[in-house]
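Text of start_11.cif (mmCIF, C-alpha atoms and all ligand atoms) as supplied:
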data_my_file
loop_
_atom_site.label_atom_id
_atom_site.label_comp_id
_atom_site.auth_asym_id
_atom_site.auth_seq_id
_atom_site.Cartn_x
_atom_site.Cartn_y
_atom_site.Cartn_z
CA MET A 1 14.96 -5.54 -10.67
CA SER A 2 16.07 -7.94 -7.97
CA ASP A 3 14.05 -11.01 -7.20
CA PRO A 4 10.41 -9.82 -6.62
CA ILE A 5 8.70 -10.31 -3.27
CA LEU A 6 5.42 -8.66 -4.28
CA SER A 7 3.79 -7.95 -7.60
CA VAL A 8 0.66 -5.90 -8.11
CA HIS A 9 -1.23 -6.32 -11.37
CA HIS A 10 -3.84 -3.89 -12.67
CA LEU A 11 -5.28 -3.08 -9.25
CA SER A 12 -8.33 -0.81 -9.17
CA ILE A 13 -10.14 0.13 -5.96
CA ASP A 14 -13.31 2.20 -5.57
CA TYR A 15 -15.16 3.57 -2.58
CA GLY A 16 -18.87 3.12 -3.25
CA TYR A 17 -20.52 1.89 -6.39
CA GLU A 18 -21.56 2.95 -9.87
CA GLU A 19 -21.92 6.67 -10.52
CA ASP A 20 -21.19 7.53 -6.87
CA ALA A 21 -17.92 5.56 -6.87
CA THR A 22 -14.71 7.34 -5.92
CA HIS A 23 -12.00 5.80 -8.09
CA ALA A 24 -9.26 5.90 -5.46
CA VAL A 25 -6.86 3.52 -7.25
CA THR A 26 -7.00 2.81 -10.98
CA ASP A 27 -5.08 0.18 -12.92
CA VAL A 28 -1.98 0.23 -10.74
CA SER A 29 0.80 -2.28 -11.44
CA PHE A 30 4.25 -2.46 -9.89
CA THR A 31 6.78 -4.90 -8.51
CA LEU A 32 8.56 -4.69 -5.19
CA GLY A 33 11.97 -6.37 -5.10
CA ARG A 34 13.30 -8.39 -2.15
CA GLY A 35 15.00 -5.88 0.14
CA GLU A 36 13.81 -2.92 -1.95
CA PHE A 37 12.77 0.41 -0.43
CA LEU A 38 9.98 1.74 -2.65
CA GLY A 39 8.72 5.25 -2.07
CA LEU A 40 5.17 6.23 -2.94
CA ALA A 41 4.49 9.96 -3.23
CA GLY A 42 1.72 12.24 -4.43
CA GLU A 43 -0.64 14.93 -3.23
CA SER A 44 -3.20 14.35 -0.51
CA GLY A 45 -6.13 12.24 -1.68
CA CYS A 46 -4.37 10.66 -4.69
CA GLY A 47 -4.90 7.11 -3.36
CA LYS A 48 -1.63 6.25 -1.60
CA SER A 49 -3.20 4.84 1.58
CA THR A 50 -5.92 3.05 -0.36
CA LEU A 51 -3.27 1.36 -2.49
CA ALA A 52 -1.25 0.37 0.59
CA TYR A 53 -4.24 -1.02 2.49
CA GLY A 54 -5.43 -2.74 -0.67
CA VAL A 55 -2.06 -4.47 -0.94
CA ALA A 56 -2.42 -5.62 2.67
CA ASN A 57 -6.03 -6.70 2.00
CA ILE A 58 -7.35 -4.79 5.00
CA LEU A 59 -9.79 -2.48 3.24
CA ARG A 60 -13.37 -2.63 4.45
CA ASN A 61 -16.69 -1.36 3.13
CA PRO A 62 -17.32 0.97 1.30
CA ALA A 63 -13.97 0.13 -0.33
CA ASN A 64 -14.20 -2.52 -3.03
CA ILE A 65 -11.55 -4.08 -5.21
CA VAL A 66 -12.81 -3.62 -8.74
CA SER A 67 -10.05 -5.60 -10.42
CA GLY A 68 -6.51 -6.77 -10.10
CA GLU A 69 -4.28 -9.31 -8.48
CA ILE A 70 -1.63 -8.99 -5.77
CA LEU A 71 0.90 -11.77 -5.54
CA TYR A 72 3.29 -12.43 -2.68
CA HIS A 73 6.33 -14.36 -3.83
CA GLY A 74 7.69 -15.96 -0.67
CA GLY A 75 10.39 -18.62 -1.00
CA ASN A 76 10.02 -21.48 -3.44
CA ALA A 77 6.30 -22.11 -2.99
CA ALA A 78 3.77 -20.89 -5.55
CA PRO A 79 2.91 -17.19 -5.19
CA ILE A 80 0.11 -16.36 -2.74
CA ASN A 81 -2.77 -14.26 -4.03
CA ILE A 82 -3.18 -11.83 -1.13
CA LEU A 83 -6.68 -10.79 -2.20
CA ALA A 84 -7.86 -14.40 -1.89
CA LEU A 85 -6.82 -14.61 1.78
CA SER A 86 -9.36 -14.12 4.55
CA GLY A 87 -9.96 -14.88 8.23
CA ALA A 88 -7.14 -16.60 10.13
CA ALA A 89 -4.99 -17.05 7.02
CA LEU A 90 -5.11 -13.32 6.33
CA ARG A 91 -4.36 -12.42 9.96
CA ALA A 92 -1.37 -14.76 10.00
CA PHE A 93 -0.15 -13.35 6.69
CA ARG A 94 -0.55 -9.82 8.01
CA TRP A 95 1.93 -10.35 10.82
CA ASN A 96 4.25 -13.02 9.51
CA GLU A 97 4.81 -11.90 5.95
CA LEU A 98 3.61 -8.32 5.77
CA ALA A 99 3.23 -5.69 8.48
CA ILE A 100 1.98 -2.12 8.48
CA VAL A 101 3.12 0.92 10.40
CA PHE A 102 0.23 3.38 10.40
CA GLN A 103 0.34 7.14 10.17
CA SER A 104 -0.83 7.56 13.71
CA ALA A 105 0.88 5.04 15.95
CA MET A 106 -1.62 6.01 18.65
CA ASN A 107 -4.28 4.27 16.56
CA ALA A 108 -2.16 1.20 15.97
CA LEU A 109 -1.19 0.74 19.61
CA ASN A 110 -3.67 -0.44 22.17
CA PRO A 111 -4.10 2.41 24.71
CA VAL A 112 -4.99 0.14 27.62
CA LEU A 113 -2.08 -2.29 27.29
CA SER A 114 1.58 -1.80 28.19
CA LEU A 115 4.12 -2.31 25.42
CA ARG A 116 5.11 -5.62 27.00
CA ALA A 117 1.52 -6.85 26.96
CA GLN A 118 1.10 -5.84 23.31
CA ILE A 119 4.25 -7.63 22.26
CA ARG A 120 3.26 -10.70 24.27
CA ASP A 121 -0.11 -10.70 22.53
CA ILE A 122 1.50 -10.95 19.10
CA PHE A 123 3.69 -13.86 20.10
CA THR A 124 1.09 -15.81 22.05
CA THR A 125 -1.24 -15.55 19.04
CA HIS A 126 1.25 -16.23 16.26
CA ARG A 127 4.04 -18.17 18.01
CA PRO A 128 2.18 -20.28 20.60
CA GLN A 129 5.20 -22.57 20.97
CA MET A 130 7.35 -19.79 22.46
CA SER A 131 7.79 -19.69 26.24
CA ARG A 132 7.04 -16.58 28.30
CA LYS A 133 10.78 -16.16 28.91
CA GLU A 134 11.62 -16.32 25.20
CA ILE A 135 8.87 -13.82 24.41
CA ASP A 136 10.10 -11.37 27.03
CA GLN A 137 13.64 -11.67 25.71
CA ARG A 138 12.41 -10.97 22.22
CA ALA A 139 10.44 -7.95 23.49
CA VAL A 140 13.63 -6.43 24.92
CA GLU A 141 15.45 -7.15 21.66
CA LEU A 142 12.69 -5.53 19.58
CA LEU A 143 12.68 -2.34 21.63
CA GLN A 144 16.47 -2.14 21.48
CA MET A 145 16.31 -2.56 17.72
CA VAL A 146 14.23 0.61 17.39
CA GLY A 147 16.18 2.56 19.99
CA ILE A 148 13.81 2.35 22.99
CA ALA A 149 15.22 1.49 26.43
CA SER A 150 13.86 -1.84 27.69
CA ASP A 151 12.49 -0.32 30.91
CA ARG A 152 9.85 1.23 28.64
CA LEU A 153 8.24 -2.20 28.28
CA ARG A 154 6.13 -1.30 31.30
CA SER A 155 4.92 1.94 29.70
CA PHE A 156 1.49 2.52 28.24
CA PRO A 157 1.24 4.32 24.87
CA HIS A 158 0.13 7.63 26.45
CA GLU A 159 3.31 7.67 28.51
CA LEU A 160 5.48 7.75 25.39
CA SER A 161 6.46 10.70 23.20
CA GLY A 162 5.16 10.79 19.62
CA GLY A 163 8.54 9.64 18.30
CA MET A 164 8.71 6.76 20.78
CA ARG A 165 5.18 5.65 19.91
CA GLN A 166 6.15 5.59 16.27
CA ARG A 167 9.24 3.54 17.14
CA ALA A 168 7.07 1.20 19.21
CA GLY A 169 4.77 0.79 16.19
CA ILE A 170 7.80 -0.18 14.12
CA ALA A 171 8.93 -2.65 16.80
CA LEU A 172 5.52 -4.35 16.69
CA ALA A 173 5.65 -4.50 12.89
CA LEU A 174 9.09 -6.11 13.05
CA ALA A 175 8.05 -8.64 15.72
CA LEU A 176 7.64 -11.67 13.47
CA ASN A 177 10.31 -10.73 10.93
CA PRO A 178 8.01 -9.96 8.01
CA ASP A 179 9.32 -9.78 4.44
CA ILE A 180 7.38 -6.61 3.65
CA ILE A 181 6.73 -3.55 5.79
CA ILE A 182 4.29 -0.91 4.61
CA MET A 183 4.77 2.46 6.25
CA ASP A 184 1.98 4.96 5.69
CA GLU A 185 3.34 8.43 6.48
CA PRO A 186 4.86 7.03 9.67
CA THR A 187 6.73 10.19 10.48
CA THR A 188 4.48 12.99 9.25
CA ALA A 189 3.40 13.96 12.76
CA LEU A 190 6.98 14.17 14.02
CA ASP A 191 9.51 16.97 13.92
CA VAL A 192 12.14 16.73 11.16
CA VAL A 193 14.90 15.55 13.49
CA ALA A 194 12.85 12.65 14.86
CA GLN A 195 11.65 11.94 11.32
CA ARG A 196 15.15 11.57 9.94
CA GLU A 197 16.36 9.54 12.92
CA ILE A 198 13.55 7.04 12.51
CA LEU A 199 14.07 6.76 8.79
CA SER A 200 17.80 6.24 9.11
CA GLU A 201 16.99 3.56 11.65
CA MET A 202 14.64 1.87 9.18
CA ILE A 203 17.34 1.87 6.51
CA ARG A 204 19.80 0.29 8.94
CA LEU A 205 17.27 -2.32 10.09
CA ARG A 206 16.41 -3.12 6.52
CA GLN A 207 20.06 -3.76 5.76
CA ASN A 208 20.34 -6.14 8.71
CA LEU A 209 16.98 -7.87 8.48
CA GLN A 210 16.50 -7.80 4.69
CA PHE A 211 12.84 -6.80 4.55
CA SER A 212 11.29 -4.74 1.75
CA VAL A 213 9.58 -1.44 2.43
CA ILE A 214 6.77 0.48 0.78
CA PHE A 215 7.09 3.94 2.23
CA ILE A 216 4.31 6.48 1.71
CA THR A 217 4.82 10.19 2.12
CA HIS A 218 3.83 13.61 0.84
CA ASP A 219 7.47 14.54 1.21
CA LEU A 220 9.08 13.64 -2.07
CA SER A 221 12.39 15.12 -0.88
CA LEU A 222 12.66 12.40 1.79
CA LEU A 223 12.17 9.68 -0.79
CA LEU A 224 14.69 11.17 -3.14
CA GLU A 225 17.27 10.73 -0.40
CA LEU A 226 16.27 7.35 0.93
CA ALA A 227 14.28 5.19 -1.47
CA ASP A 228 15.62 2.82 -4.14
CA ASN A 229 12.72 3.41 -6.50
CA VAL A 230 10.01 6.03 -6.43
CA ALA A 231 6.42 5.79 -7.69
CA ILE A 232 4.51 9.03 -8.11
CA MET A 233 0.73 8.86 -8.01
CA TYR A 234 -1.77 11.28 -9.41
CA ALA A 235 -5.54 10.83 -9.18
CA GLY A 236 -5.33 7.11 -8.40
CA ARG A 237 -2.73 6.14 -11.00
CA ILE A 238 1.04 5.79 -10.99
CA VAL A 239 2.18 8.47 -13.43
CA GLU A 240 5.93 8.06 -13.02
CA TYR A 241 8.11 5.27 -11.70
CA GLY A 242 11.86 4.87 -11.61
CA ASP A 243 15.14 4.80 -9.77
CA ARG A 244 15.10 7.74 -7.36
CA ARG A 245 18.27 9.19 -8.90
CA ASN A 246 16.78 9.16 -12.39
CA VAL A 247 13.51 10.64 -11.20
CA TYR A 248 15.37 13.34 -9.32
CA ALA A 249 17.74 14.17 -12.16
CA HIS A 250 15.23 13.84 -15.02
CA ALA A 251 11.61 13.77 -14.00
CA ARG A 252 9.73 12.99 -17.22
CA HIS A 253 6.11 13.47 -16.30
CA PRO A 254 5.21 17.16 -15.98
CA TYR A 255 3.43 16.32 -12.70
CA SER A 256 6.61 14.83 -11.20
CA TYR A 257 8.54 17.80 -12.52
CA GLY A 258 6.03 20.13 -10.85
CA LEU A 259 6.19 18.24 -7.55
CA LEU A 260 9.99 18.38 -7.61
CA HIS A 261 9.81 22.10 -8.21
CA SER A 262 7.29 22.70 -5.45
CA PHE A 263 9.93 22.72 -2.71
CA PRO A 264 13.53 24.01 -2.53
CA PRO A 265 16.20 21.26 -2.88
CA LEU A 266 17.89 20.03 0.29
CA ARG A 267 21.32 19.91 -1.30
CA GLY A 268 23.09 21.10 -4.41
CA PRO A 269 22.39 24.22 -6.43
CA ALA A 270 19.23 26.22 -5.85
CA LYS A 271 16.43 25.52 -8.30
CA LYS A 272 13.33 27.40 -9.25
CA VAL A 273 10.15 26.75 -7.32
CA TYR A 274 7.02 27.03 -9.47
CA GLY A 275 4.34 25.07 -7.65
CA ILE A 276 1.51 23.43 -9.60
CA ALA A 277 -1.54 25.51 -10.47
CA GLY A 278 -5.00 24.26 -9.51
CA SER A 279 -5.94 21.28 -7.38
CA PRO A 280 -6.33 17.53 -7.91
CA PRO A 281 -9.54 16.38 -9.61
CA ASP A 282 -12.62 14.91 -7.99
CA LEU A 283 -12.06 11.15 -8.12
CA ARG A 284 -15.78 10.61 -8.75
CA ALA A 285 -15.65 12.56 -12.01
CA LEU A 286 -12.20 12.36 -13.54
CA PRO A 287 -11.36 14.48 -16.59
CA GLN A 288 -11.25 12.70 -19.94
CA GLY A 289 -7.81 11.68 -21.19
CA CYS A 290 -4.92 12.34 -18.83
CA ALA A 291 -6.29 13.36 -15.40
CA PHE A 292 -3.47 15.88 -15.03
CA HIS A 293 -4.20 17.74 -18.28
CA PRO A 294 -6.23 20.61 -16.73
CA ARG A 295 -3.19 21.53 -14.57
CA CYS A 296 -0.45 20.60 -17.01
CA PRO A 297 1.45 23.47 -18.62
CA MET A 298 2.59 21.11 -21.42
CA ALA A 299 -0.85 19.68 -22.29
CA PHE A 300 -1.81 19.42 -25.96
CA ALA A 301 -4.97 18.25 -27.74
CA ASP A 302 -4.40 14.48 -27.32
CA CYS A 303 -4.09 14.85 -23.54
CA GLN A 304 -7.77 15.82 -23.34
CA SER A 305 -9.01 12.72 -25.13
CA ALA A 306 -6.64 9.76 -24.80
CA LEU A 307 -5.44 8.06 -21.64
CA PRO A 308 -1.62 7.79 -21.51
CA ILE A 309 -0.15 4.49 -20.36
CA LEU A 310 2.89 4.01 -18.16
CA LYS A 311 5.91 3.15 -20.31
CA ALA A 312 9.58 3.99 -20.85
CA ALA A 313 9.90 7.68 -21.68
CA ASP A 314 13.51 7.43 -22.79
CA PRO A 315 14.87 4.29 -24.49
CA ALA A 316 18.21 4.95 -22.80
CA ILE A 317 16.56 4.49 -19.35
CA PRO A 318 14.11 1.62 -19.91
CA ALA A 319 13.36 1.20 -16.18
CA GLN A 320 12.00 4.73 -15.79
CA HIS A 321 8.37 4.92 -16.82
CA ALA A 322 6.03 7.85 -17.37
CA ALA A 323 2.35 7.92 -18.33
CA CYS A 324 2.52 10.92 -20.64
CA HIS A 325 1.77 11.57 -24.33
CA LEU A 326 4.73 13.91 -24.58
CA TYR A 327 6.94 10.84 -24.93
CA ASP A 328 4.76 9.04 -27.46
CA ALA A 329 6.48 9.39 -30.84
CA ALA A 330 3.16 8.76 -32.61
CA ARG A 331 1.67 11.86 -30.97
CA ARG A 332 4.62 14.20 -30.69
CA ALA A 333 7.67 14.15 -32.95
CA GLU A 334 10.26 15.12 -30.32
CA PRO A 335 10.04 14.50 -26.58
CA PRO A 336 10.32 17.70 -24.55
CA THR A 337 13.59 18.69 -22.93
CA GLU A 338 13.67 19.67 -19.28
CA GLU A 339 14.13 23.26 -20.40
CA ASP A 340 10.85 23.01 -22.32
CA ILE A 341 8.99 21.81 -19.21
CA ALA A 342 10.71 24.44 -17.03
CA ALA A 343 9.78 27.21 -19.48
CA ALA A 344 6.15 26.09 -19.56
CA TYR A 345 5.96 26.04 -15.74
CA SER A 346 7.65 29.41 -15.57
CA VAL A 347 5.14 31.04 -17.96
CA ASN A 348 2.33 29.43 -16.03
CA ALA A 349 3.69 30.65 -12.67
CA LYS A 350 4.16 34.20 -13.98
CA ARG A 351 0.59 34.18 -15.22
CA ARG A 352 -0.46 33.43 -11.64
CA GLY A 353 1.56 36.43 -10.45
CA MET A 354 4.46 34.40 -9.00
CA ARG A 355 7.96 35.81 -9.25
CA VAL A 356 10.14 33.06 -10.74
N1 LIG B 401 -13.63 5.32 3.65
C1 LIG B 401 -13.71 6.08 2.57
N2 LIG B 401 -14.91 6.32 1.97
C2 LIG B 401 -15.02 7.07 0.85
N3 LIG B 401 -13.98 7.64 0.24
C3 LIG B 401 -12.76 7.46 0.77
C4 LIG B 401 -12.56 6.66 1.97
N4 LIG B 401 -11.24 6.67 2.25
C5 LIG B 401 -10.64 7.41 1.29
N5 LIG B 401 -11.55 7.88 0.41
C6 LIG B 401 -11.27 8.71 -0.78
O1 LIG B 401 -10.37 8.01 -1.61
C7 LIG B 401 -9.42 8.90 -2.17
C8 LIG B 401 -8.01 8.43 -1.87
O2 LIG B 401 -7.80 8.52 -0.49
P1 LIG B 401 -6.47 8.03 0.22
O3 LIG B 401 -6.69 8.15 1.67
O4 LIG B 401 -6.08 6.72 -0.33
O5 LIG B 401 -5.44 9.16 -0.30
P2 LIG B 401 -3.97 9.48 0.19
O6 LIG B 401 -3.15 9.67 -1.04
O7 LIG B 401 -3.52 8.47 1.18
O8 LIG B 401 -4.15 10.91 0.88
P3 LIG B 401 -3.34 11.53 2.14
O9 LIG B 401 -2.02 11.95 1.58
O10 LIG B 401 -4.18 12.70 2.53
O11 LIG B 401 -3.23 10.50 3.21
C9 LIG B 401 -9.74 10.29 -1.60
O12 LIG B 401 -10.51 10.99 -2.56
C10 LIG B 401 -10.56 9.99 -0.39
O13 LIG B 401 -11.46 11.02 -0.16
MG MG B 402 -3.03 8.56 3.17
#

Would you encode the structure as structure tokens?
Ligand SMILES: Nc1ncnc2c1ncn2[C@@H]1O[C@H](COP(=O)(O)OP(=O)(O)OP(=O)(O)O)[C@@H](O)[C@H]1O
Ligand SMILES: [Mg+2]
Amino acid sequence: MSDPILSVHHLSIDYGYEEDATHAVTDVSFTLGRGEFLGLAGESGCGKSTLAYGVANILRNPANIVSGEILYHGGNAAPINILALSGAALRAFRWNELAIVFQSAMNALNPVLSLRAQIRDIFTTHRPQMSRKEIDQRAVELLQMVGIASDRLRSFPHELSGGMRQRAGIALALALNPDIIIMDEPTTALDVVAQREILSEMIRLRQNLQFSVIFITHDLSLLLELADNVAIMYAGRIVEYGDRRNVYAHARHPYSYGLLHSFPPLRGPAKKVYGIAGSPPDLRALPQGCAFHPRCPMAFADCQSALPILKAADPAIPAQHAACHLYDAARRAEPPTEEDIAAAYSVNAKRRGMRV
């Protein structure tokens, strides 16, 4: 791991309280390196957005942080505890050090202001020493950076295409040169061509400007092409984490394996598509043990009673972690091979009447 810019320690976030609480994020820890592109994937409702907004400390009632610490490691100063920031300090942090590109750029952009006015707003608030001329120059530069012609500065959000709005959202996020950019499904609403263009652009910008990215998507295939590391969430927890190449070549957790075999590969030899039976659990009443066990074709008795922790599944790849009892030598003598997992999924799919 390169020098960390952000570290998240045992973060748990609920919506609501006590027996009504939805446990959207549970005991999540990870580190984001300086310049790293971290992909966060998982089915709808598994807690990706809650985790991202928790990291940015922008969650509001009924969300509540149950436990955890989020440290920003900027420069030589002591780390900043993001959860302890509030008011003006939090607002300044949110533009200067960390910025978010939301799923729907329409919601992030102000519908009654032109792009120029929105960019000016950011600078007059956070860089009061800058002259109007300097700000307008920077506005042109920002739009150029994301591939929008500068005559669009006069446009209002409704005058832009979906792709351009998303690019404008990215330009605003980049305005103050933050160290971390969180992108929550920024391209889901776009066609695949626009999606890829914007992502390639992000990768290029990241190389030039050296920011780190947490990129959230349902589309694991995108991450397997673009991310450095991938974290896969299930029912509020990270169940697998590792270098994207390792996760792609050898997914350890049966959930990751199932996700990877839920869509045909973009390149390389064809692989079987099994899908995952059933649906994610209710986050208000999680199953005992591993939350994935009711859907897992490899589950055994321990999975119903004991919670697996995230740790190296293979001593030869210590940086790839899985939260799964299959790799716990005290519970199972031999870890499964990929063929074992494939066979279990295949039996399961056939039982559901799929032709695999
Ligand atoms: N404001 C809220 N009040 C109550 N529950 C919420 C609220 N926002 C989210 N949740 C619940 O928290 C859980 C996690 O939601 P979250 O939006 O973080 O998931 P997600 O992984 O981002 O899903 P998606 O892929 O659909 O965007 C879900 O069960 C959701 O219903
Ligand atoms: Mg979401």

Contacts to ligand LIG 401 (chain B) at 7 Å cut-off (all atoms listed in the file) as a PyMOL selection string: chain A and resi 15-16+22+24+42-51+62-63+218+283

Interatomic distance, CA of Phe30 (chain A) to CA of Ala231 (chain A) (Å, one decimal): 8.8 Å

Non-local contacts of Asp243 (chain A) (8 Å; all atoms listed in the file; under 2 positions in same chain excluded) as a ChimeraX atom specification: /A:228-230,241,245-247,319-320

Between CA of Ala99 (chain A) and CA of Leu113 (chain A) - distance in Å to one decimal: 19.8 Å

Separation of CA of Val239 (chain A) from CA of Pro335 (chain A) in Å: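 Result for CA of Pro335 (chain A) versus CA of Val239 (chain A): 16.5 Å, one decimal.
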
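Comparing A:Leu90, A:Val25, A:Ala52, A:Ala316 by their smallest distance to ligand MG 402 (chain B), the closest is A:Ala52 (using only C-alpha atoms and all ligand atoms).
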
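Shortest atom-to-atom contact with ligand MG 402 (chain B) among A:Thr26, A:Ser7, A:Gln129, A:Thr217: A:Thr217, counting all atoms listed in the file.
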
Output as a compact mmCIF listing (two decimals), keeping the file's coordinate frame: region 100-121 of chain A, completed with N, CA and C atoms.
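out.txt, freshly written:
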# COMPACT_ATOMS: atom_id res chain seq x y z
N ILE A 100 2.23 -3.52 8.82
CA ILE A 100 1.98 -2.12 8.48
C ILE A 100 2.31 -1.23 9.67
N VAL A 101 2.94 -0.12 9.38
CA VAL A 101 3.12 0.92 10.40
C VAL A 101 2.21 2.06 9.96
N PHE A 102 1.23 2.38 10.79
CA PHE A 102 0.23 3.38 10.40
C PHE A 102 0.71 4.79 10.68
N GLN A 103 0.01 5.72 10.03
CA GLN A 103 0.34 7.14 10.17
C GLN A 103 0.31 7.57 11.64
N SER A 104 -0.75 7.18 12.31
CA SER A 104 -0.83 7.56 13.71
C SER A 104 -0.61 6.31 14.55
N ALA A 105 0.57 6.24 15.18
CA ALA A 105 0.88 5.04 15.95
C ALA A 105 -0.10 4.90 17.11
N MET A 106 -0.67 6.05 17.55
CA MET A 106 -1.62 6.01 18.65
C MET A 106 -2.79 5.10 18.27
N ASN A 107 -3.16 5.11 16.99
CA ASN A 107 -4.28 4.27 16.56
C ASN A 107 -3.88 2.81 16.45
N ALA A 108 -2.60 2.57 16.16
CA ALA A 108 -2.16 1.20 15.97
C ALA A 108 -1.88 0.52 17.31
N LEU A 109 -1.49 1.34 18.31
CA LEU A 109 -1.19 0.74 19.61
C LEU A 109 -2.47 0.67 20.44
N ASN A 110 -2.51 -0.30 21.31
CA ASN A 110 -3.67 -0.44 22.17
C ASN A 110 -3.47 0.44 23.41
N PRO A 111 -4.35 1.45 23.63
CA PRO A 111 -4.10 2.41 24.71
C PRO A 111 -4.16 1.82 26.11
N VAL A 112 -4.83 0.68 26.26
CA VAL A 112 -4.99 0.14 27.62
C VAL A 112 -4.00 -0.99 27.94
N LEU A 113 -3.07 -1.23 27.02
CA LEU A 113 -2.08 -2.29 27.29
C LEU A 113 -0.67 -1.71 27.30
N SER A 114 0.16 -2.23 28.18
CA SER A 114 1.58 -1.80 28.19
C SER A 114 2.24 -2.36 26.92
N LEU A 115 3.41 -1.81 26.60
CA LEU A 115 4.12 -2.31 25.42
C LEU A 115 4.40 -3.81 25.57
N ARG A 116 4.81 -4.20 26.80
CA ARG A 116 5.11 -5.62 27.00
C ARG A 116 3.90 -6.49 26.68
N ALA A 117 2.73 -6.05 27.17
CA ALA A 117 1.52 -6.85 26.96
C ALA A 117 1.19 -6.93 25.47
N GLN A 118 1.42 -5.83 24.75
CA GLN A 118 1.10 -5.84 23.31
C GLN A 118 2.03 -6.77 22.55
N ILE A 119 3.29 -6.75 22.95
CA ILE A 119 4.25 -7.63 22.26
C ILE A 119 3.94 -9.09 22.61
N ARG A 120 3.63 -9.32 23.88
CA ARG A 120 3.26 -10.70 24.27
C ARG A 120 2.08 -11.21 23.46
N ASP A 121 1.09 -10.33 23.29
CA ASP A 121 -0.11 -10.70 22.53
C ASP A 121 0.22 -11.24 21.15
